[in-house]
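A.B. asks: File name final-v7.csv; file contents CSV, C-alpha atoms; full text below.
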chain,number,residue,atom,x,y,z
F,1,MET,CA,110.8,91.3,79.8
F,2,ARG,CA,108.2,89.4,81.7
F,3,PHE,CA,105.3,91.7,80.6
F,4,ARG,CA,106.2,92.2,77.0
F,5,TYR,CA,103.1,94.3,76.2
F,6,HIS,CA,103.8,96.8,79.0
F,7,GLN,CA,105.8,99.9,78.6
F,8,PRO,CA,108.1,101.4,81.3
F,9,ILE,CA,106.3,103.6,83.8
F,10,PRO,CA,107.5,107.1,84.1
F,11,ASN,CA,108.9,108.2,87.5
F,12,PHE,CA,106.0,110.0,89.3
F,13,TYR,CA,107.7,110.6,92.7
F,14,GLU,CA,107.0,114.1,94.0
F,15,ILE,CA,108.6,113.6,97.4
F,16,GLU,CA,112.2,112.5,98.3
F,17,ASN,CA,112.8,109.6,100.7
F,18,PRO,CA,113.5,110.8,104.3
F,19,HIS,CA,117.2,110.8,105.3
F,20,HIS,CA,116.4,109.0,108.6
F,21,PRO,CA,113.3,106.9,107.8
F,22,LYS,CA,111.0,105.6,110.4
F,23,THR,CA,110.7,101.8,110.9
F,24,THR,CA,107.5,101.6,112.9
F,25,ILE,CA,104.0,102.4,111.7
F,26,THR,CA,100.9,102.8,113.9
F,27,ASP,CA,97.8,100.7,113.4
F,28,ASP,CA,95.8,103.9,112.8
F,29,PHE,CA,98.1,105.2,110.0
F,30,LEU,CA,98.3,101.8,108.4
F,31,LYS,CA,94.5,101.6,108.3
F,32,GLU,CA,94.4,105.1,106.9
F,33,PHE,CA,96.9,104.1,104.2
F,34,ARG,CA,95.0,101.0,103.4
F,35,ASP,CA,91.7,103.0,103.1
F,36,ILE,CA,93.4,105.4,100.7
F,37,ALA,CA,94.7,102.5,98.6
F,38,ILE,CA,91.2,101.0,98.4
F,39,ALA,CA,89.8,104.3,97.4
F,40,SER,CA,92.4,104.5,94.7
F,41,ARG,CA,91.1,101.4,93.0
F,42,PHE,CA,93.2,98.8,94.7
F,43,ALA,CA,91.5,95.6,95.8
F,44,GLY,CA,93.6,94.9,98.8
F,45,LEU,CA,97.0,94.9,100.4
F,46,SER,CA,99.4,92.1,101.4
F,47,TYR,CA,102.8,92.2,103.0
F,48,SER,CA,105.9,90.2,102.5
F,49,LYS,CA,108.8,89.8,104.9
F,50,LEU,CA,111.6,88.5,102.7
F,51,SER,CA,113.7,85.8,104.2
F,52,ASP,CA,117.5,85.9,104.3
F,53,GLU,CA,117.6,82.9,101.9
F,54,PHE,CA,115.3,84.6,99.5
F,55,LYS,CA,117.4,87.8,99.5
F,56,LYS,CA,120.5,85.8,98.9
F,57,GLU,CA,118.9,83.8,96.1
F,58,TRP,CA,117.8,87.0,94.3
F,59,ASP,CA,120.8,89.1,95.4
F,60,ILE,CA,118.7,91.9,96.9
F,61,ASP,CA,118.8,93.6,100.3
F,62,TRP,CA,115.1,94.5,100.6
F,63,ASP,CA,113.2,93.4,103.7
F,64,ASN,CA,109.7,94.7,103.9
F,65,ILE,CA,107.3,94.7,100.9
F,66,ILE,CA,103.8,96.2,100.6
F,67,ILE,CA,101.8,94.5,97.8
F,68,LEU,CA,99.1,96.6,96.2
F,69,LYS,CA,96.6,94.4,94.3
F,70,TYR,CA,94.3,95.7,91.6
F,71,ALA,CA,91.5,94.0,89.7
F,72,MET,CA,92.1,93.9,86.0
F,73,SER,CA,89.2,95.0,83.9
F,74,GLU,CA,86.7,92.2,83.3
F,75,GLU,CA,85.7,93.9,80.0
F,76,ILE,CA,89.3,93.7,78.8
F,77,LEU,CA,89.9,90.2,80.1
F,78,LYS,CA,86.9,88.9,78.0
F,79,MET,CA,88.4,90.4,74.8
F,80,ASP,CA,90.1,88.1,72.3
F,81,PRO,CA,93.9,88.4,72.1
F,82,SER,CA,94.8,91.3,69.9
F,83,LYS,CA,97.1,94.4,69.8
F,84,GLU,CA,94.2,96.5,70.9
F,85,LYS,CA,93.7,94.3,74.0
F,86,CYS,CA,97.4,94.6,74.8
F,87,LYS,CA,97.2,98.4,74.4
F,88,LEU,CA,94.2,98.6,76.8
F,89,MET,CA,96.0,96.3,79.3
F,90,ASP,CA,99.0,98.6,79.2
F,91,GLU,CA,96.9,101.7,79.7
F,92,GLU,CA,95.4,100.1,82.8
F,93,PHE,CA,98.9,99.1,84.0
F,94,GLN,CA,100.2,102.7,83.6
F,95,GLU,CA,97.2,104.2,85.4
F,96,VAL,CA,97.5,101.9,88.4
F,97,GLY,CA,101.3,102.4,88.4
F,98,ALA,CA,100.9,106.2,88.7
F,99,LYS,CA,98.6,105.6,91.7
F,100,THR,CA,101.3,103.4,93.3
F,101,PHE,CA,103.8,106.2,93.0
F,102,ALA,CA,101.3,108.5,94.8
F,103,LEU,CA,100.9,106.0,97.6
F,104,ALA,CA,104.7,105.8,97.9
F,105,ASP,CA,104.8,109.5,98.2
F,106,ILE,CA,102.3,109.4,101.1
F,107,LEU,CA,104.6,107.0,103.0
F,108,ARG,CA,107.6,109.2,102.2
F,109,GLU,CA,105.7,112.3,103.4
F,110,ASN,CA,105.1,110.6,106.7
F,111,GLY,CA,108.7,109.7,107.3
F,112,PHE,CA,109.0,106.2,105.8
F,113,ARG,CA,111.3,105.1,103.0
F,114,ALA,CA,109.2,103.9,100.1
F,115,ASP,CA,110.4,102.7,96.7
F,116,LEU,CA,108.4,101.2,93.9
F,117,ILE,CA,109.9,97.9,92.8
F,118,ASN,CA,110.2,98.0,89.0
F,119,PRO,CA,107.6,95.5,87.8
F,120,LEU,CA,109.5,95.1,84.5
F,121,ASP,CA,112.8,94.2,86.1
F,122,ASP,CA,113.5,90.5,85.5
F,123,ARG,CA,116.3,90.5,88.2
F,124,VAL,CA,113.7,89.6,90.8
F,125,SER,CA,110.4,87.7,90.5
F,126,LEU,CA,107.4,89.7,91.8
F,127,ARG,CA,105.4,86.5,91.9
F,128,ALA,CA,108.1,84.9,94.1
F,129,ILE,CA,107.8,88.0,96.4
F,130,ALA,CA,104.0,87.6,96.4
F,131,LEU,CA,104.4,84.0,97.6
F,132,GLN,CA,106.6,85.2,100.5
F,133,SER,CA,103.5,87.0,101.8
F,134,ASN,CA,101.8,83.7,102.6
F,135,ASP,CA,98.8,85.3,101.1
F,136,ALA,CA,98.9,83.8,97.6
F,137,VAL,CA,99.4,80.5,95.7
F,138,ILE,CA,100.2,79.6,92.1
F,139,THR,CA,97.3,77.9,90.3
F,140,ARG,CA,97.6,75.1,87.8
F,141,SER,CA,97.4,77.6,85.0
F,142,ASN,CA,100.4,79.4,86.5
F,143,MET,CA,98.3,82.4,87.8
F,144,CYS,CA,99.0,84.1,91.1
F,145,LEU,CA,95.9,83.7,93.1
F,146,PHE,CA,95.0,85.9,96.1
F,147,LYS,CA,91.7,85.6,98.1
F,148,GLU,CA,90.5,88.8,96.4
F,149,GLY,CA,90.5,87.1,93.1
F,150,LEU,CA,92.3,85.5,90.2
F,151,ASN,CA,92.1,88.6,87.9
F,152,LEU,CA,94.6,90.6,89.9
F,153,GLY,CA,97.6,92.5,88.9
F,154,PHE,CA,99.9,94.0,91.5
F,155,PHE,CA,102.5,96.6,92.2
F,156,MET,CA,105.0,96.5,95.1
F,157,ILE,CA,106.6,99.0,97.4
F,158,GLU,CA,109.8,98.3,99.3
F,159,THR,CA,109.7,100.2,102.6
F,160,SER,CA,111.6,100.8,105.9
F,161,ILE,CA,108.5,99.7,107.9
F,162,GLU,CA,109.4,96.7,109.9
F,163,ASN,CA,106.2,96.0,111.8
F,164,LEU,CA,103.8,95.4,109.0
F,165,PRO,CA,101.2,92.6,109.6
F,166,PHE,CA,103.2,89.8,108.0
F,167,LYS,CA,101.7,86.3,107.9
F,168,THR,CA,103.7,83.3,109.0
F,169,GLU,CA,101.4,80.6,107.5
F,170,ASN,CA,99.7,80.2,104.2
F,171,GLU,CA,96.1,79.0,104.6
F,172,MET,CA,95.6,78.8,100.8
F,173,GLU,CA,97.8,75.7,100.3
F,174,TRP,CA,94.6,73.6,99.7
F,175,VAL,CA,94.3,75.4,96.3
F,176,ARG,CA,97.1,73.2,94.8
F,177,ASP,CA,95.1,70.0,95.7
F,178,TYR,CA,91.9,71.5,94.3
F,179,CYS,CA,93.6,72.5,91.0
F,180,SER,CA,94.9,68.9,90.6
F,181,THR,CA,91.3,67.7,90.5
F,182,CYS,CA,89.9,70.4,88.3
F,183,GLY,CA,91.5,70.7,84.9
F,184,VAL,CA,89.2,73.3,83.4
F,185,CYS,CA,92.2,75.4,82.3
F,186,ILE,CA,93.7,72.4,80.5
F,187,ASP,CA,90.5,71.7,78.6
F,188,ARG,CA,89.9,75.3,77.6
F,189,CYS,CA,93.4,76.4,76.7
F,190,PRO,CA,93.5,77.4,73.0
F,191,GLU,CA,97.3,77.1,72.9
F,192,LYS,CA,97.5,73.7,74.5
F,193,VAL,CA,100.2,74.8,76.9
F,194,PHE,CA,99.9,71.7,79.2
F,195,ASP,CA,101.8,68.5,78.5
F,196,GLU,CA,100.3,65.1,78.8
F,197,ASP,CA,100.9,65.1,82.5
F,198,GLY,CA,99.0,68.4,83.0
F,199,LYS,CA,102.2,70.3,83.6
F,200,PHE,CA,102.1,74.0,82.5
F,201,LEU,CA,104.6,74.9,79.7
F,202,ARG,CA,105.3,78.5,80.3
F,203,LYS,CA,107.2,79.3,77.0
F,204,GLN,CA,104.1,78.2,75.0
F,205,CYS,CA,101.7,80.5,76.8
F,206,THR,CA,100.8,83.7,75.0
F,207,ALA,CA,99.3,85.5,77.9
F,208,HIS,CA,102.3,87.9,78.3
F,209,ARG,CA,102.8,88.3,74.5
F,210,GLU,CA,99.3,88.6,73.1
F,211,GLY,CA,97.1,89.1,76.1
F,212,CYS,CA,95.4,85.7,76.1
F,213,SER,CA,93.2,85.3,79.3
F,214,VAL,CA,91.1,82.3,78.5
F,215,CYS,CA,92.3,80.3,81.5
F,216,ILE,CA,91.3,83.2,83.8
F,217,ASN,CA,87.8,83.6,82.3
F,218,PHE,CA,87.0,79.9,82.8
F,219,CYS,CA,88.7,79.3,86.1
F,220,PRO,CA,86.3,78.5,89.0
F,221,PHE,CA,88.2,81.0,91.2
F,222,TYR,CA,87.3,83.7,88.8
F,223,LYS,CA,83.8,82.6,87.9
F,224,ARG,CA,82.7,81.7,91.5
F,225,GLY,CA,85.2,83.4,93.8
F,226,TYR,CA,87.6,82.1,96.3
F,227,GLU,CA,85.2,81.5,99.2
F,228,LYS,CA,82.6,79.6,97.1
F,229,VAL,CA,85.3,77.3,95.7
F,230,LYS,CA,86.7,76.7,99.1
F,231,LYS,CA,83.3,75.7,100.4
F,232,ARG,CA,82.9,73.3,97.5
F,233,TYR,CA,86.4,71.8,98.1
F,234,GLU,CA,85.6,71.3,101.8
F,235,ARG,CA,82.4,69.4,100.9
F,236,MET,CA,84.4,67.3,98.5
F,237,LYS,CA,86.8,66.3,101.3
F,238,LYS,CA,84.1,65.2,103.7
Can I see the file as structure tokens?
C.D. replies:
Amino acid sequence: MRFRYHQPIPNFYEIENPHHPKTTITDDFLKEFRDIAIASRFAGLSYSKLSDEFKKEWDIDWDNIIILKYAMSEEILKMDPSKEKCKLMDEEFQEVGAKTFALADILRENGFRADLINPLDDRVSLRAIALQSNDAVITRSNMCLFKEGLNLGFFMIETSIENLPFKTENEMEWVRDYCSTCGVCIDRCPEKVFDEDGKFLRKQCTAHREGCSVCINFCPFYKRGYEKVKKRYERMKK
């Protein structure tokens, strides 16, 4: 499994999917749904419209995805890798997962199909779905970066809603260039998971086995935030 320290999340649905689900959401209800999500601890929402090529590649028939992003506890991230840290990360994961089921129930109650995508299912990459949103990039340290932060976990809901505010262009592509000039994650990595060319060696990383988060804690995107790093990058390019 991708997240080896996480346990399966129990099924918390209380409402069945509608037999004839709606496909169009109003701006007002989408705003209301987003406000409820923010009040439930989520940092923000993104939306992925999966391409036909993507669906064929992963052998899925989903179309419309709501990505619910949550900020992982700073206190936990600063802990050294340990069984206790992994336990705390899983407790946080379970708590947010339960809230995702509650949000899916709200959509179901209002006539939309809504199904939580199993975050422990390796048959499809949630990170790949996140990139389809044009609202995220992969950093040099192999982290999925959204504007809201680097320390984000996420859950996803597949839905019948076809008119979500999907993005067609990714304005975060500059991050790849910035990462190539930085190298803080390479210098700070205790496991030396980068080769001599600075390429990330995923199998050597202990983040998903032991809870290592050193690269997050030292990354400029975590320490300074997306907008400040972007301004610094723009000054560098002048």
A.B. asks: For the atom pair CA of Arg123 in chain F and CA of Trp62 in chain F, what is the interatomic distance in Å to one decimal place?
C.D. replies: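 Straight-line distance from CA of Arg123 in chain F to CA of Trp62 in chain F works out to 13.1 Å.
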A.B. asks: Nearest to Cys179 in chain F among F:Leu116, F:Leu88, F:Val229, F:Ala102, with distances taken over only C-alpha atoms: which residue is it?
C.D. replies: F:Val229
A.B. asks: Select, from F:Arg235, F:Arg224, F:Arg127, F:Arg41, the residue with the minimum atom-to-atom distance to Glu92 in chain F, counting all atoms listed in the file.
C.D. replies: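 Ranking F:Arg235, F:Arg224, F:Arg127, F:Arg41 by distance to Glu92 in chain F, first place goes to F:Arg41.
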A.B. asks: Would you list the residues near (91.1, 85.9, 92.6), meaning any protein, DNA or RNA residue with an atom at most 8 Å from that point in file coordinates, counting only C-alpha atoms, as an MDAnalysis selection string?
C.D. replies: chainID F and resid 145:152 221:222 225:226
A.B. asks: With range 128-141 of chain F as the partner and 8 Å as the cut-off, tabulate the residues of range 188-215 of chain F that qualify, each row holding the nearest pair of atoms and their distance in Å to one decimal, using all atoms listed in the file, sorted by chain and rising number, as JSON lines.
C.D. replies:
{"residue": "F:Lys199", "atom": "CA", "partner": "F:Arg140", "partner_atom": "CA", "distance": 7.9}
{"residue": "F:Phe200", "atom": "CA", "partner": "F:Ser141", "partner_atom": "CA", "distance": 6.4}
{"residue": "F:Cys215", "atom": "CA", "partner": "F:Ser141", "partner_atom": "CA", "distance": 6.7}
A.B. asks: Name all residues at most 8 Å from Arg202 in chain F (count all atoms listed in the file; drop same-chain ones fewer than 2 positions away) and give them as a ChimeraX atom specification.
C.D. replies: /F:142,193,200,204-205
A.B. asks: Would you put the residues from that selection into a file with C-alpha atoms, as a compact mmCIF listing (two decimals), keeping the file's coordinate frame?
C.D. replies:
# COMPACT_ATOMS: atom_id res chain seq x y z
CA ASN F 142 100.40 79.40 86.50
CA VAL F 193 100.20 74.80 76.90
CA PHE F 200 102.10 74.00 82.50
CA GLN F 204 104.10 78.20 75.00
CA CYS F 205 101.70 80.50 76.80
A.B. asks: If I take CA of Pro21 in chain F and CA of Glu169 in chain F, how far is one from the other in Å, to one decimal?
C.D. replies: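 Separation between CA of Pro21 in chain F and CA of Glu169 in chain F: 28.9 Å.
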A.B. asks: Which value, in Å to one decimal, gives the distance between CA of Lys99 in chain F and CA of Glu74 in chain F?
C.D. replies: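 That distance, rounded to one decimal, is 19.8 Å.
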A.B. asks: With distances taken over all atoms listed in the file, which residue among F:Lys69, F:His208, F:Arg188, F:Lys22 lies nearest Met89 in chain F?
C.D. replies: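 Closest to Met89 in chain F, using all atoms listed in the file: F:His208.
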A.B. asks: Tell me which of F:Lys230, F:Lys238, F:His19, F:Arg34 sits closest to Leu68 in chain F, counting only C-alpha atoms.
C.D. replies: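 The answer is F:Arg34, which sits nearest to Leu68 in chain F.
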A.B. asks: Between F:Ile9, F:Ile60, F:Ala98, F:Ala71, which one has atoms that come closest to Pro119 in chain F, using all atoms listed in the file?
C.D. replies: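 Of F:Ile9, F:Ile60, F:Ala98, F:Ala71, the one nearest Pro119 in chain F, counting all atoms listed in the file, is F:Ile9.
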A.B. asks: For a quick check of understanding, using all atoms listed in the file, which of F:Asn110, F:Ser213, F:Asp195, F:Cys185 has the smallest distance to Ile25 in chain F?
C.D. replies: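 Residue with the minimum atom-to-atom distance to Ile25 in chain F: F:Asn110.
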A.B. asks: Can you tell me, as an NGL selection string, what residues are no more than 12 Å from Phe33 in chain F when counting all atoms listed in the file, ignoring any on the same chain fewer than 6 positions away?
C.D. replies: :F and (25-27 or 39-40 or 42 or 44-45 or 66 or 68 or 100 or 102-107 or 110)
A.B. asks: Could you give me, as number ranges by chain, the residues within 7 Å of Thr159 in chain F, counting only C-alpha atoms and dropping anything in the same chain fewer than 6 positions from it?
C.D. replies: F: 64-65, 112-115
A.B. asks: With N, CA and C atoms as the goal, would you fill in the gaps in range 174-209 of chain F and present it as a compact mmCIF listing (two decimals), in the frame of the given file?
C.D. replies:
# COMPACT_ATOMS: atom_id res chain seq x y z
N TRP F 174 95.58 74.61 100.16
CA TRP F 174 94.60 73.60 99.70
C TRP F 174 94.32 73.84 98.17
N VAL F 175 94.57 75.04 97.68
CA VAL F 175 94.30 75.40 96.30
C VAL F 175 95.05 74.42 95.34
N ARG F 176 96.26 74.06 95.69
CA ARG F 176 97.10 73.20 94.80
C ARG F 176 96.36 71.84 94.65
N ASP F 177 95.81 71.32 95.75
CA ASP F 177 95.10 70.00 95.70
C ASP F 177 93.84 70.19 94.83
N TYR F 178 93.11 71.28 95.04
CA TYR F 178 91.90 71.50 94.30
C TYR F 178 92.22 71.59 92.77
N CYS F 179 93.26 72.33 92.43
CA CYS F 179 93.60 72.50 91.00
C CYS F 179 93.95 71.12 90.38
N SER F 180 94.55 70.23 91.14
CA SER F 180 94.90 68.90 90.60
C SER F 180 93.69 68.09 90.24
N THR F 181 92.53 68.44 90.81
CA THR F 181 91.30 67.70 90.50
C THR F 181 90.40 68.38 89.52
N CYS F 182 90.76 69.60 89.12
CA CYS F 182 89.90 70.40 88.30
C CYS F 182 90.15 70.20 86.80
N GLY F 183 91.15 70.88 86.28
CA GLY F 183 91.50 70.70 84.90
C GLY F 183 90.78 71.54 83.87
N VAL F 184 89.96 72.48 84.31
CA VAL F 184 89.20 73.30 83.40
C VAL F 184 90.19 74.12 82.49
N CYS F 185 91.27 74.64 83.08
CA CYS F 185 92.20 75.40 82.30
C CYS F 185 92.90 74.57 81.22
N ILE F 186 93.12 73.30 81.52
CA ILE F 186 93.70 72.40 80.50
C ILE F 186 92.77 72.19 79.36
N ASP F 187 91.50 71.95 79.68
CA ASP F 187 90.50 71.70 78.60
C ASP F 187 90.24 72.91 77.77
N ARG F 188 90.30 74.10 78.35
CA ARG F 188 89.90 75.30 77.60
C ARG F 188 91.07 76.03 76.95
N CYS F 189 92.28 75.70 77.28
CA CYS F 189 93.40 76.40 76.70
C CYS F 189 93.51 76.30 75.22
N PRO F 190 93.44 77.43 74.49
CA PRO F 190 93.50 77.40 73.00
C PRO F 190 94.88 77.09 72.49
N GLU F 191 95.91 77.31 73.31
CA GLU F 191 97.30 77.10 72.90
C GLU F 191 97.87 75.77 73.28
N LYS F 192 97.08 74.97 74.02
CA LYS F 192 97.50 73.70 74.50
C LYS F 192 98.88 73.75 75.20
N VAL F 193 98.92 74.58 76.24
CA VAL F 193 100.20 74.80 76.90
C VAL F 193 100.44 73.86 78.09
N PHE F 194 99.71 72.76 78.13
CA PHE F 194 99.90 71.70 79.20
C PHE F 194 100.39 70.46 78.49
N ASP F 195 101.37 69.80 79.11
CA ASP F 195 101.80 68.50 78.50
C ASP F 195 100.87 67.41 78.93
N GLU F 196 101.20 66.19 78.56
CA GLU F 196 100.30 65.10 78.80
C GLU F 196 100.11 64.74 80.26
N ASP F 197 101.00 65.26 81.10
CA ASP F 197 100.90 65.10 82.50
C ASP F 197 100.17 66.25 83.23
N GLY F 198 99.70 67.22 82.43
CA GLY F 198 99.00 68.40 83.00
C GLY F 198 99.98 69.45 83.49
N LYS F 199 101.26 69.36 83.13
CA LYS F 199 102.20 70.30 83.60
C LYS F 199 102.20 71.56 82.63
N PHE F 200 102.21 72.75 83.24
CA PHE F 200 102.10 74.00 82.50
C PHE F 200 103.46 74.26 81.78
N LEU F 201 103.38 74.58 80.48
CA LEU F 201 104.60 74.90 79.70
C LEU F 201 104.61 76.38 79.44
N ARG F 202 105.35 77.07 80.27
CA ARG F 202 105.30 78.50 80.30
C ARG F 202 105.69 79.18 78.98
N LYS F 203 106.68 78.64 78.28
CA LYS F 203 107.20 79.30 77.00
C LYS F 203 106.12 79.23 75.93
N GLN F 204 105.16 78.31 76.02
CA GLN F 204 104.10 78.20 75.00
C GLN F 204 102.95 79.14 75.25
N CYS F 205 102.83 79.63 76.47
CA CYS F 205 101.70 80.50 76.80
C CYS F 205 101.84 81.85 76.18
N THR F 206 100.74 82.37 75.65
CA THR F 206 100.80 83.70 75.00
C THR F 206 100.16 84.79 75.80
N ALA F 207 99.92 84.53 77.08
CA ALA F 207 99.30 85.50 77.90
C ALA F 207 100.09 86.84 77.98
N HIS F 208 101.42 86.73 78.11
CA HIS F 208 102.30 87.90 78.30
C HIS F 208 102.81 88.41 76.92
N ARG F 209 102.36 87.83 75.82
CA ARG F 209 102.80 88.30 74.50
C ARG F 209 101.58 88.88 73.72
